[in-house]
file start_36.pdb (PDB, N, CA, C and O atoms)
ATOM      1  N   MET B1055     139.012  89.586 119.703
ATOM      2  CA  MET B1055     138.979  90.660 120.691
ATOM      3  C   MET B1055     137.951  91.693 120.239
ATOM      4  O   MET B1055     137.866  92.000 119.057
ATOM      5  N   ALA B1056     137.195  92.188 121.178
ATOM      6  CA  ALA B1056     136.204  93.207 120.857
ATOM      7  C   ALA B1056     136.884  94.411 120.228
ATOM      8  O   ALA B1056     137.977  94.808 120.634
ATOM      9  N   ARG B1057     136.259  94.978 119.227
ATOM     10  CA  ARG B1057     136.851  96.090 118.479
ATOM     11  C   ARG B1057     137.231  97.243 119.400
ATOM     12  O   ARG B1057     138.293  97.832 119.247
ATOM     13  N   ASN B1058     136.367  97.589 120.365
ATOM     14  CA  ASN B1058     136.688  98.718 121.236
ATOM     15  C   ASN B1058     137.920  98.435 122.093
ATOM     16  O   ASN B1058     138.697  99.332 122.378
ATOM     17  N   LYS B1059     138.122  97.182 122.492
ATOM     18  CA  LYS B1059     139.322  96.848 123.270
ATOM     19  C   LYS B1059     140.562  96.906 122.390
ATOM     20  O   LYS B1059     141.612  97.373 122.818
ATOM     21  N   LEU B1060     140.445  96.452 121.161
ATOM     22  CA  LEU B1060     141.556  96.544 120.220
ATOM     23  C   LEU B1060     141.916  98.003 119.972
ATOM     24  O   LEU B1060     143.092  98.381 119.973
ATOM     25  N   ASP B1061     140.896  98.830 119.792
ATOM     26  CA  ASP B1061     141.121 100.263 119.571
ATOM     27  C   ASP B1061     141.776 100.919 120.780
ATOM     28  O   ASP B1061     142.646 101.782 120.627
ATOM     29  N   MET B1062     141.365 100.500 121.987
ATOM     30  CA  MET B1062     141.975 101.061 123.196
ATOM     31  C   MET B1062     143.449 100.688 123.286
ATOM     32  O   MET B1062     144.294 101.522 123.627
ATOM     33  N   LEU B1063     143.782  99.448 122.962
ATOM     34  CA  LEU B1063     145.178  99.021 123.000
ATOM     35  C   LEU B1063     145.993  99.753 121.939
ATOM     36  O   LEU B1063     147.116 100.168 122.181
ATOM     37  N   MET B1064     145.405  99.949 120.752
ATOM     38  CA  MET B1064     146.087 100.694 119.696
ATOM     39  C   MET B1064     146.324 102.142 120.126
ATOM     40  O   MET B1064     147.387 102.698 119.890
ATOM     41  N   ALA B1065     145.338 102.746 120.793
ATOM     42  CA  ALA B1065     145.501 104.114 121.285
ATOM     43  C   ALA B1065     146.635 104.187 122.305
ATOM     44  O   ALA B1065     147.428 105.142 122.308
ATOM     45  N   GLU B1066     146.727 103.192 123.164
ATOM     46  CA  GLU B1066     147.828 103.135 124.138
ATOM     47  C   GLU B1066     149.171 103.061 123.424
ATOM     48  O   GLU B1066     150.121 103.772 123.744
ATOM     49  N   TYR B1067     149.256 102.182 122.438
ATOM     50  CA  TYR B1067     150.478 102.008 121.658
ATOM     51  C   TYR B1067     150.870 103.321 120.972
ATOM     52  O   TYR B1067     152.020 103.747 121.045
ATOM     53  N   LEU B1068     149.908 103.979 120.325
ATOM     54  CA  LEU B1068     150.187 105.234 119.628
ATOM     55  C   LEU B1068     150.561 106.349 120.598
ATOM     56  O   LEU B1068     151.408 107.190 120.299
ATOM     57  N   GLY B1069     149.931 106.352 121.780
ATOM     58  CA  GLY B1069     150.262 107.363 122.780
ATOM     59  C   GLY B1069     151.698 107.220 123.278
ATOM     60  O   GLY B1069     152.418 108.212 123.430
ATOM     61  N   VAL B1070     152.123 106.000 123.524
ATOM     62  CA  VAL B1070     153.513 105.765 123.949
ATOM     63  C   VAL B1070     154.468 106.119 122.808
ATOM     64  O   VAL B1070     155.526 106.697 123.032
ATOM     65  N   GLN B1071     154.069 105.813 121.570
ATOM     66  CA  GLN B1071     154.895 106.177 120.417
ATOM     67  C   GLN B1071     155.072 107.698 120.339
ATOM     68  O   GLN B1071     156.161 108.191 120.086
ATOM     69  N   GLU B1072     153.987 108.436 120.579
ATOM     70  CA  GLU B1072     154.048 109.897 120.559
ATOM     71  C   GLU B1072     154.999 110.413 121.638
ATOM     72  O   GLU B1072     155.787 111.325 121.397
ATOM     73  N   MET B1073     154.924 109.821 122.833
ATOM     74  CA  MET B1073     155.841 110.237 123.902
ATOM     75  C   MET B1073     157.280 109.922 123.524
ATOM     76  O   MET B1073     158.177 110.736 123.747
ATOM     77  N   ALA B1074     157.517 108.759 122.935
ATOM     78  CA  ALA B1074     158.874 108.391 122.518
ATOM     79  C   ALA B1074     159.384 109.350 121.451
ATOM     80  O   ALA B1074     160.536 109.801 121.501
ATOM     81  N   ASP B1075     158.526 109.682 120.489
ATOM     82  CA  ASP B1075     158.924 110.575 119.395
ATOM     83  C   ASP B1075     159.222 111.985 119.869
ATOM     84  O   ASP B1075     159.991 112.705 119.234
ATOM     85  N   SER B1076     158.622 112.395 120.982
ATOM     86  CA  SER B1076     158.819 113.759 121.481
ATOM     87  C   SER B1076     160.194 113.956 122.120
ATOM     88  O   SER B1076     160.631 115.092 122.301
ATOM     89  N   ASN B1077     160.852 112.864 122.479
ATOM     90  CA  ASN B1077     162.171 112.939 123.138
ATOM     91  C   ASN B1077     162.159 113.814 124.377
ATOM     92  O   ASN B1077     163.141 114.490 124.676
ATOM     93  N   THR B1078     161.043 113.844 125.100
ATOM     94  CA  THR B1078     160.966 114.653 126.314
ATOM     95  C   THR B1078     160.923 113.805 127.575
ATOM     96  O   THR B1078     161.271 114.281 128.636
ATOM     97  N   ILE B1079     160.471 112.579 127.463
ATOM     98  CA  ILE B1079     160.310 111.722 128.629
ATOM     99  C   ILE B1079     160.731 110.301 128.244
ATOM    100  O   ILE B1079     160.499 109.871 127.117
ATOM    101  N   MET B1080     161.372 109.614 129.171
ATOM    102  CA  MET B1080     161.830 108.265 128.866
ATOM    103  C   MET B1080     160.660 107.284 128.979
ATOM    104  O   MET B1080     160.053 107.146 130.036
ATOM    105  N   VAL B1081     160.337 106.679 127.868
ATOM    106  CA  VAL B1081     159.293 105.652 127.809
ATOM    107  C   VAL B1081     159.841 104.495 126.986
ATOM    108  O   VAL B1081     160.767 104.666 126.195
ATOM    109  N   PRO B1082     159.276 103.310 127.155
ATOM    110  CA  PRO B1082     159.736 102.193 126.329
ATOM    111  C   PRO B1082     159.357 102.430 124.867
ATOM    112  O   PRO B1082     158.240 102.854 124.570
ATOM    113  N   THR B1083     160.282 102.191 123.971
ATOM    114  CA  THR B1083     160.019 102.357 122.550
ATOM    115  C   THR B1083     159.047 101.272 122.082
ATOM    116  O   THR B1083     159.296 100.090 122.301
ATOM    117  N   PRO B1084     157.945 101.679 121.469
ATOM    118  CA  PRO B1084     157.034 100.678 120.910
ATOM    119  C   PRO B1084     157.709  99.949 119.743
ATOM    120  O   PRO B1084     158.317 100.577 118.881
ATOM    121  N   ILE B1085     157.611  98.641 119.741
ATOM    122  CA  ILE B1085     158.264  97.835 118.705
ATOM    123  C   ILE B1085     157.237  97.264 117.732
ATOM    124  O   ILE B1085     157.434  97.297 116.522
ATOM    125  N   ALA B1086     156.128  96.753 118.252
ATOM    126  CA  ALA B1086     155.149  96.128 117.364
ATOM    127  C   ALA B1086     153.762  96.154 117.988
ATOM    128  O   ALA B1086     153.611  96.132 119.206
ATOM    129  N   PHE B1087     152.767  96.190 117.129
ATOM    130  CA  PHE B1087     151.376  96.070 117.522
ATOM    131  C   PHE B1087     150.730  95.112 116.531
ATOM    132  O   PHE B1087     151.009  95.165 115.335
ATOM    133  N   GLY B1088     149.904  94.224 117.032
ATOM    134  CA  GLY B1088     149.260  93.304 116.114
ATOM    135  C   GLY B1088     148.111  92.568 116.749
ATOM    136  O   GLY B1088     147.760  92.780 117.908
ATOM    137  N   GLU B1089     147.532  91.686 115.952
ATOM    138  CA  GLU B1089     146.425  90.861 116.399
ATOM    139  C   GLU B1089     146.693  89.445 115.903
ATOM    140  O   GLU B1089     146.974  89.233 114.727
ATOM    141  N   HIS B1090     146.654  88.480 116.817
ATOM    142  CA  HIS B1090     146.911  87.090 116.468
ATOM    143  C   HIS B1090     145.837  86.616 115.493
ATOM    144  O   HIS B1090     144.633  86.775 115.731
ATOM    145  N   ALA B1091     146.260  86.047 114.379
ATOM    146  CA  ALA B1091     145.341  85.658 113.309
ATOM    147  C   ALA B1091     144.315  84.609 113.750
ATOM    148  O   ALA B1091     143.165  84.643 113.309
ATOM    149  N   GLN B1092     144.708  83.686 114.607
ATOM    150  CA  GLN B1092     143.799  82.605 114.995
ATOM    151  C   GLN B1092     142.948  82.932 116.209
ATOM    152  O   GLN B1092     141.776  82.577 116.267
ATOM    153  N   THR B1093     143.522  83.607 117.195
ATOM    154  CA  THR B1093     142.782  83.862 118.432
ATOM    155  C   THR B1093     142.130  85.241 118.465
ATOM    156  O   THR B1093     141.232  85.472 119.273
ATOM    157  N   GLY B1094     142.618  86.157 117.642
ATOM    158  CA  GLY B1094     142.092  87.518 117.667
ATOM    159  C   GLY B1094     142.613  88.355 118.816
ATOM    160  O   GLY B1094     142.204  89.492 119.005
ATOM    161  N   GLN B1095     143.520  87.796 119.610
ATOM    162  CA  GLN B1095     144.094  88.525 120.740
ATOM    163  C   GLN B1095     145.065  89.588 120.226
ATOM    164  O   GLN B1095     145.938  89.300 119.407
ATOM    165  N   ALA B1096     144.898  90.802 120.710
ATOM    166  CA  ALA B1096     145.784  91.898 120.334
ATOM    167  C   ALA B1096     147.004  91.894 121.246
ATOM    168  O   ALA B1096     146.956  91.404 122.369
ATOM    169  N   PHE B1097     148.096  92.455 120.739
ATOM    170  CA  PHE B1097     149.312  92.533 121.542
ATOM    171  C   PHE B1097     150.120  93.772 121.162
ATOM    172  O   PHE B1097     149.994  94.303 120.065
ATOM    173  N   CYS B1098     150.906  94.219 122.129
ATOM    174  CA  CYS B1098     151.888  95.290 121.930
ATOM    175  C   CYS B1098     153.215  94.769 122.455
ATOM    176  O   CYS B1098     153.255  94.096 123.484
ATOM    177  N   ILE B1099     154.274  95.113 121.773
ATOM    178  CA  ILE B1099     155.613  94.781 122.245
ATOM    179  C   ILE B1099     156.359  96.093 122.421
ATOM    180  O   ILE B1099     156.385  96.926 121.509
ATOM    181  N   PHE B1100     156.916  96.272 123.611
ATOM    182  CA  PHE B1100     157.662  97.483 123.947
ATOM    183  C   PHE B1100     159.077  97.108 124.376
ATOM    184  O   PHE B1100     159.308  96.013 124.888
ATOM    185  N   GLU B1101     159.965  98.051 124.214
ATOM    186  CA  GLU B1101     161.338  97.910 124.691
ATOM    187  C   GLU B1101     161.319  97.694 126.209
ATOM    188  O   GLU B1101     160.494  98.273 126.923
ATOM    189  N   TYR B1102     162.240  96.874 126.706
ATOM    190  CA  TYR B1102     162.387  96.671 128.145
ATOM    191  C   TYR B1102     163.211  97.812 128.726
ATOM    192  O   TYR B1102     164.261  98.172 128.187
ATOM    193  N   LEU B1103     162.738  98.406 129.812
ATOM    194  CA  LEU B1103     163.480  99.455 130.513
ATOM    195  C   LEU B1103     163.808  98.976 131.914
ATOM    196  O   LEU B1103     162.938  98.456 132.621
ATOM    197  N   GLU B1104     165.022  99.155 132.315
ATOM    198  CA  GLU B1104     165.448  98.870 133.680
ATOM    199  C   GLU B1104     165.131 100.110 134.509
ATOM    200  O   GLU B1104     165.759 101.151 134.342
ATOM    201  N   LEU B1105     164.126 100.025 135.360
ATOM    202  CA  LEU B1105     163.709 101.175 136.162
ATOM    203  C   LEU B1105     164.479 101.185 137.471
ATOM    204  O   LEU B1105     164.729 100.151 138.068
ATOM    205  N   CYS B1106     164.810 102.412 137.926
ATOM    206  CA  CYS B1106     165.688 102.475 139.094
ATOM    207  C   CYS B1106     165.188 103.384 140.208
ATOM    208  O   CYS B1106     165.874 103.558 141.186
ATOM    209  N   GLY B1107     164.047 104.005 140.086
ATOM    210  CA  GLY B1107     163.612 104.845 141.194
ATOM    211  C   GLY B1107     162.472 105.762 140.816
ATOM    212  O   GLY B1107     161.984 105.756 139.687
ATOM    213  N   GLY B1108     162.069 106.586 141.798
ATOM    214  CA  GLY B1108     160.897 107.431 141.637
ATOM    215  C   GLY B1108     161.057 108.621 140.731
ATOM    216  O   GLY B1108     160.192 108.928 139.947
ATOM    217  N   GLY B1109     162.151 109.336 140.836
ATOM    218  CA  GLY B1109     162.340 110.522 140.015
ATOM    219  C   GLY B1109     161.585 111.720 140.551
ATOM    220  O   GLY B1109     160.944 111.683 141.593
ATOM    221  N   ASN B1110     161.657 112.805 139.814
ATOM    222  CA  ASN B1110     161.055 114.071 140.189
ATOM    223  C   ASN B1110     159.675 114.183 139.540
ATOM    224  O   ASN B1110     159.563 114.313 138.318
ATOM    225  N   GLN B1111     158.615 114.161 140.337
ATOM    226  CA  GLN B1111     157.248 114.182 139.824
ATOM    227  C   GLN B1111     156.895 115.511 139.150
ATOM    228  O   GLN B1111     156.156 115.538 138.167
ATOM    229  N   PHE B1112     157.427 116.620 139.654
ATOM    230  CA  PHE B1112     157.174 117.920 139.022
ATOM    231  C   PHE B1112     157.772 117.948 137.620
ATOM    232  O   PHE B1112     157.127 118.360 136.664
ATOM    233  N   GLU B1113     159.014 117.488 137.495
ATOM    234  CA  GLU B1113     159.677 117.440 136.188
ATOM    235  C   GLU B1113     158.907 116.529 135.229
ATOM    236  O   GLU B1113     158.753 116.845 134.051
ATOM    237  N   LEU B1114     158.401 115.421 135.731
ATOM    238  CA  LEU B1114     157.594 114.520 134.915
ATOM    239  C   LEU B1114     156.359 115.249 134.381
ATOM    240  O   LEU B1114     156.026 115.144 133.201
ATOM    241  N   GLY B1115     155.680 115.990 135.236
ATOM    242  CA  GLY B1115     154.492 116.747 134.818
ATOM    243  C   GLY B1115     154.808 117.769 133.744
ATOM    244  O   GLY B1115     154.061 117.924 132.776
ATOM    245  N   VAL B1116     155.931 118.478 133.896
ATOM    246  CA  VAL B1116     156.349 119.466 132.903
ATOM    247  C   VAL B1116     156.615 118.788 131.561
ATOM    248  O   VAL B1116     156.190 119.261 130.503
ATOM    249  N   LYS B1117     157.304 117.660 131.610
ATOM    250  CA  LYS B1117     157.604 116.941 130.365
ATOM    251  C   LYS B1117     156.350 116.386 129.705
ATOM    252  O   LYS B1117     156.222 116.420 128.481
ATOM    253  N   LEU B1118     155.417 115.872 130.496
ATOM    254  CA  LEU B1118     154.161 115.379 129.932
ATOM    255  C   LEU B1118     153.375 116.515 129.281
ATOM    256  O   LEU B1118     152.739 116.327 128.237
ATOM    257  N   ALA B1119     153.418 117.711 129.886
ATOM    258  CA  ALA B1119     152.750 118.871 129.281
ATOM    259  C   ALA B1119     153.387 119.212 127.937
ATOM    260  O   ALA B1119     152.686 119.566 126.985
ATOM    261  N   LYS B1120     154.699 119.074 127.826
ATOM    262  CA  LYS B1120     155.377 119.329 126.554
ATOM    263  C   LYS B1120     154.964 118.312 125.497
ATOM    264  O   LYS B1120     154.776 118.654 124.333
ATOM    265  N   VAL B1121     154.811 117.057 125.904
ATOM    266  CA  VAL B1121     154.348 116.030 124.971
ATOM    267  C   VAL B1121     152.953 116.394 124.478
ATOM    268  O   VAL B1121     152.684 116.365 123.278
ATOM    269  N   ARG B1122     152.073 116.741 125.394
ATOM    270  CA  ARG B1122     150.689 117.090 125.033
ATOM    271  C   ARG B1122     150.665 118.307 124.108
ATOM    272  O   ARG B1122     149.970 118.321 123.103
ATOM    273  N   ARG B1123     151.450 119.328 124.435
ATOM    274  CA  ARG B1123     151.496 120.540 123.619
ATOM    275  C   ARG B1123     151.974 120.212 122.213
ATOM    276  O   ARG B1123     151.417 120.665 121.226
ATOM    277  N   SER B1124     152.995 119.381 122.117
ATOM    278  CA  SER B1124     153.524 118.973 120.819
ATOM    279  C   SER B1124     152.464 118.219 120.017
ATOM    280  O   SER B1124     152.302 118.447 118.816
ATOM    281  N   SER B1125     151.724 117.344 120.661
ATOM    282  CA  SER B1125     150.684 116.565 119.992
ATOM    283  C   SER B1125     149.579 117.467 119.464
ATOM    284  O   SER B1125     149.116 117.307 118.340
ATOM    285  N   VAL B1126     149.160 118.424 120.275
ATOM    286  CA  VAL B1126     148.090 119.334 119.867
ATOM    287  C   VAL B1126     148.556 120.200 118.703
ATOM    288  O   VAL B1126     147.844 120.360 117.713
ATOM    289  N   LEU B1127     149.745 120.733 118.789
ATOM    290  CA  LEU B1127     150.252 121.606 117.730
ATOM    291  C   LEU B1127     150.452 120.870 116.415
ATOM    292  O   LEU B1127     150.317 121.440 115.343
ATOM    293  N   ASN B1128     150.760 119.586 116.488
ATOM    294  CA  ASN B1128     150.967 118.802 115.275
ATOM    295  C   ASN B1128     149.686 118.154 114.758
ATOM    296  O   ASN B1128     149.716 117.406 113.783
ATOM    297  N   GLY B1129     148.563 118.417 115.419
ATOM    298  CA  GLY B1129     147.276 117.927 114.951
ATOM    299  C   GLY B1129     146.994 116.473 115.264
ATOM    300  O   GLY B1129     146.102 115.871 114.687
ATOM    301  N   TYR B1130     147.733 115.880 116.184
ATOM    302  CA  TYR B1130     147.554 114.465 116.491
ATOM    303  C   TYR B1130     146.523 114.225 117.578
ATOM    304  O   TYR B1130     146.096 113.120 117.780
ATOM    305  N   TRP B1131     146.160 115.240 118.333
ATOM    306  CA  TRP B1131     145.268 115.034 119.469
ATOM    307  C   TRP B1131     143.851 115.372 119.026
ATOM    308  O   TRP B1131     143.558 116.499 118.680
ATOM    309  N   GLN B1132     142.981 114.390 119.018
ATOM    310  CA  GLN B1132     141.610 114.616 118.595
ATOM    311  C   GLN B1132     140.674 113.866 119.521
ATOM    312  O   GLN B1132     140.922 112.722 119.881
ATOM    313  N   ASP B1133     139.573 114.523 119.894
ATOM    314  CA  ASP B1133     138.554 113.888 120.724
ATOM    315  C   ASP B1133     139.123 113.269 121.997
ATOM    316  O   ASP B1133     138.724 112.192 122.389
ATOM    317  N   GLY B1134     140.098 113.941 122.593
ATOM    318  CA  GLY B1134     140.637 113.459 123.859
ATOM    319  C   GLY B1134     141.570 112.277 123.718
ATOM    320  O   GLY B1134     141.951 111.650 124.687
ATOM    321  N   GLY B1135     141.978 111.939 122.518
ATOM    322  CA  GLY B1135     142.873 110.803 122.335
ATOM    323  C   GLY B1135     143.718 110.971 121.097
ATOM    324  O   GLY B1135     143.544 111.877 120.324
ATOM    325  N   LYS B1136     144.632 110.091 120.932
ATOM    326  CA  LYS B1136     145.570 110.124 119.817
ATOM    327  C   LYS B1136     144.903 109.551 118.585
ATOM    328  O   LYS B1136     144.317 108.496 118.616
ATOM    329  N   SER B1137     145.010 110.270 117.486
ATOM    330  CA  SER B1137     144.469 109.730 116.243
ATOM    331  C   SER B1137     145.608 109.154 115.432
ATOM    332  O   SER B1137     146.741 109.631 115.497
ATOM    333  N   ALA B1138     145.341 108.134 114.689
ATOM    334  CA  ALA B1138     146.358 107.552 113.816
ATOM    335  C   ALA B1138     146.672 108.555 112.721
ATOM    336  O   ALA B1138     145.797 109.192 112.176
ATOM    337  N   HIS B1139     147.938 108.713 112.414
ATOM    338  CA  HIS B1139     148.334 109.655 111.365
ATOM    339  C   HIS B1139     149.172 108.990 110.322
ATOM    340  O   HIS B1139     149.585 107.904 110.407
TER     341      HIS B1139
END
call {"tool": "encode", "arguments": {"input": "start_36.pdb", "output": "structure tokens"}}
result
Amino acid sequence: MARNKLDMLMAEYLGVQEMADSNTIMVPTPIAFGEHAQTGQAFCIFEYLELCGGGNQFELGVKLAKVRRSSVLNGYWQDGGKSAH
């Protein structure tokens, strides 16, 4: 897998992990991230969530802002993305 695509998938994984760690919004818990030794294909494994409806979009926005604020204050947000810590 091209390095930039692997990095993008890792950033996605870390971003979901940050949201899960913030305990502000329900997201699937990241379980594993890796790269297949023979094919080079990257993968992420997340917890399965049974989704049941739309929810309140305003409340979602407020919670996402709290996640972002927490990330910035803890020094995890760099160059517009999540840095590995």
call {"tool": "closest_residue", "arguments": {"input": "start_36.pdb", "among": "B:Asn1110, B:Glu1101, B:Leu1118, B:Arg1123", "to": "Ile1079 of chain B", "atoms": "all atoms listed in the file"}}
result
B:Leu1118
call {"tool": "residues_around", "arguments": {"input": "start_36.pdb", "residues": "Ser1076 of chain B", "least_positions_apart": "2", "cutoff": "10 Å", "atoms": "only C-alpha atoms", "output": "list in words"}}
result
Val1070, Gln1071, Glu1072, Met1073, Ala1074, Thr1078, Ile1079, Met1080, Lys1117, Leu1118, Lys1120, Val1121, Arg1122, Ser1124 and Ser1125 of chain B
call {"tool": "resolve_selection", "arguments": {"input": "start_36.pdb", "expression": "the PyMOL selection byres ((chain B and resi 1103) around 8)", "output": "list in words"}}
result
Val1081, Pro1082, Thr1083, Phe1100, Glu1101, Tyr1102, Glu1104, Leu1105 and Cys1106 of chain B
call {"tool": "write_last_selection", "arguments": {"input": "start_36.pdb", "atoms": "N, CA, C and O atoms", "output": "mmCIF file, keeping the file's coordinate frame"}}
result
data_model
loop_
_atom_site.group_PDB
_atom_site.id
_atom_site.type_symbol
_atom_site.label_atom_id
_atom_site.label_comp_id
_atom_site.auth_asym_id
_atom_site.auth_seq_id
_atom_site.Cartn_x
_atom_site.Cartn_y
_atom_site.Cartn_z
ATOM 1 N N VAL B 1081 160.337 106.679 127.868
ATOM 2 C CA VAL B 1081 159.293 105.652 127.809
ATOM 3 C C VAL B 1081 159.841 104.495 126.986
ATOM 4 O O VAL B 1081 160.767 104.666 126.195
ATOM 5 N N PRO B 1082 159.276 103.310 127.155
ATOM 6 C CA PRO B 1082 159.736 102.193 126.329
ATOM 7 C C PRO B 1082 159.357 102.430 124.867
ATOM 8 O O PRO B 1082 158.240 102.854 124.570
ATOM 9 N N THR B 1083 160.282 102.191 123.971
ATOM 10 C CA THR B 1083 160.019 102.357 122.550
ATOM 11 C C THR B 1083 159.047 101.272 122.082
ATOM 12 O O THR B 1083 159.296 100.090 122.301
ATOM 13 N N PHE B 1100 156.916 96.272 123.611
ATOM 14 C CA PHE B 1100 157.662 97.483 123.947
ATOM 15 C C PHE B 1100 159.077 97.108 124.376
ATOM 16 O O PHE B 1100 159.308 96.013 124.888
ATOM 17 N N GLU B 1101 159.965 98.051 124.214
ATOM 18 C CA GLU B 1101 161.338 97.910 124.691
ATOM 19 C C GLU B 1101 161.319 97.694 126.209
ATOM 20 O O GLU B 1101 160.494 98.273 126.923
ATOM 21 N N TYR B 1102 162.240 96.874 126.706
ATOM 22 C CA TYR B 1102 162.387 96.671 128.145
ATOM 23 C C TYR B 1102 163.211 97.812 128.726
ATOM 24 O O TYR B 1102 164.261 98.172 128.187
ATOM 25 N N GLU B 1104 165.022 99.155 132.315
ATOM 26 C CA GLU B 1104 165.448 98.870 133.680
ATOM 27 C C GLU B 1104 165.131 100.110 134.509
ATOM 28 O O GLU B 1104 165.759 101.151 134.342
ATOM 29 N N LEU B 1105 164.126 100.025 135.360
ATOM 30 C CA LEU B 1105 163.709 101.175 136.162
ATOM 31 C C LEU B 1105 164.479 101.185 137.471
ATOM 32 O O LEU B 1105 164.729 100.151 138.068
ATOM 33 N N CYS B 1106 164.810 102.412 137.926
ATOM 34 C CA CYS B 1106 165.688 102.475 139.094
ATOM 35 C C CYS B 1106 165.188 103.384 140.208
ATOM 36 O O CYS B 1106 165.874 103.558 141.186
#
call {"tool": "axis_aligned_box", "arguments": {"input": "start_36.pdb", "around": "segment 1093-1099 of chain B", "padding_each_side": "4 Å", "output": "lines of an AutoDock Vina configuration file"}}
result
center_x = 148.8
center_y = 90.3
center_z = 120.3
size_x = 23.2
size_y = 21.3
size_z = 14.3
call {"tool": "atom_distance", "arguments": {"input": "start_36.pdb", "atom1": "atom C of Gln1111 of chain B", "atom2": "atom O of Gly1069 of chain B"}}
result
17.9 Å
call {"tool": "closest_residue", "arguments": {"input": "start_36.pdb", "among": "B:Gly1115, B:Asn1077, B:Phe1087, B:Gly1109", "to": "Met1064 of chain B", "atoms": "all atoms listed in the file"}}
result
B:Phe1087
call {"tool": "atom_distance", "arguments": {"input": "start_36.pdb", "atom1": "atom C of Ile1085 of chain B", "atom2": "atom CA of Ile1099 of chain B"}}
result
5.4 Å
call {"tool": "residues_around", "arguments": {"input": "start_36.pdb", "residues": "Leu1063 of chain B", "least_positions_apart": "4", "cutoff": "8 Å", "atoms": "all atoms listed in the file", "output": "ChimeraX atom specification"}}
result
/B:1056-1059,1067-1070,1087,1096-1098
call {"tool": "atom_distance", "arguments": {"input": "start_36.pdb", "atom1": "atom N of His1090 of chain B", "atom2": "atom CA of Leu1060 of chain B"}}
result
10.1 Å
call {"tool": "select_by_dssp", "arguments": {"input": "start_36.pdb", "residues": "segment 1064-1108 of chain B", "states": "strand (DSSP E or B)", "output": "list in words"}}
result
Pro1084, Ile1085, Ala1086, Phe1087, Gly1088, Glu1089, Ala1096, Phe1097, Cys1098, Ile1099 and Phe1100 of chain B
call {"tool": "closest_residue", "arguments": {"input": "start_36.pdb", "among": "B:Asp1061, B:Gly1108, B:Val1116, B:Asp1075", "to": "Glu1089 of chain B", "atoms": "only C-alpha atoms"}}
result
B:Asp1061
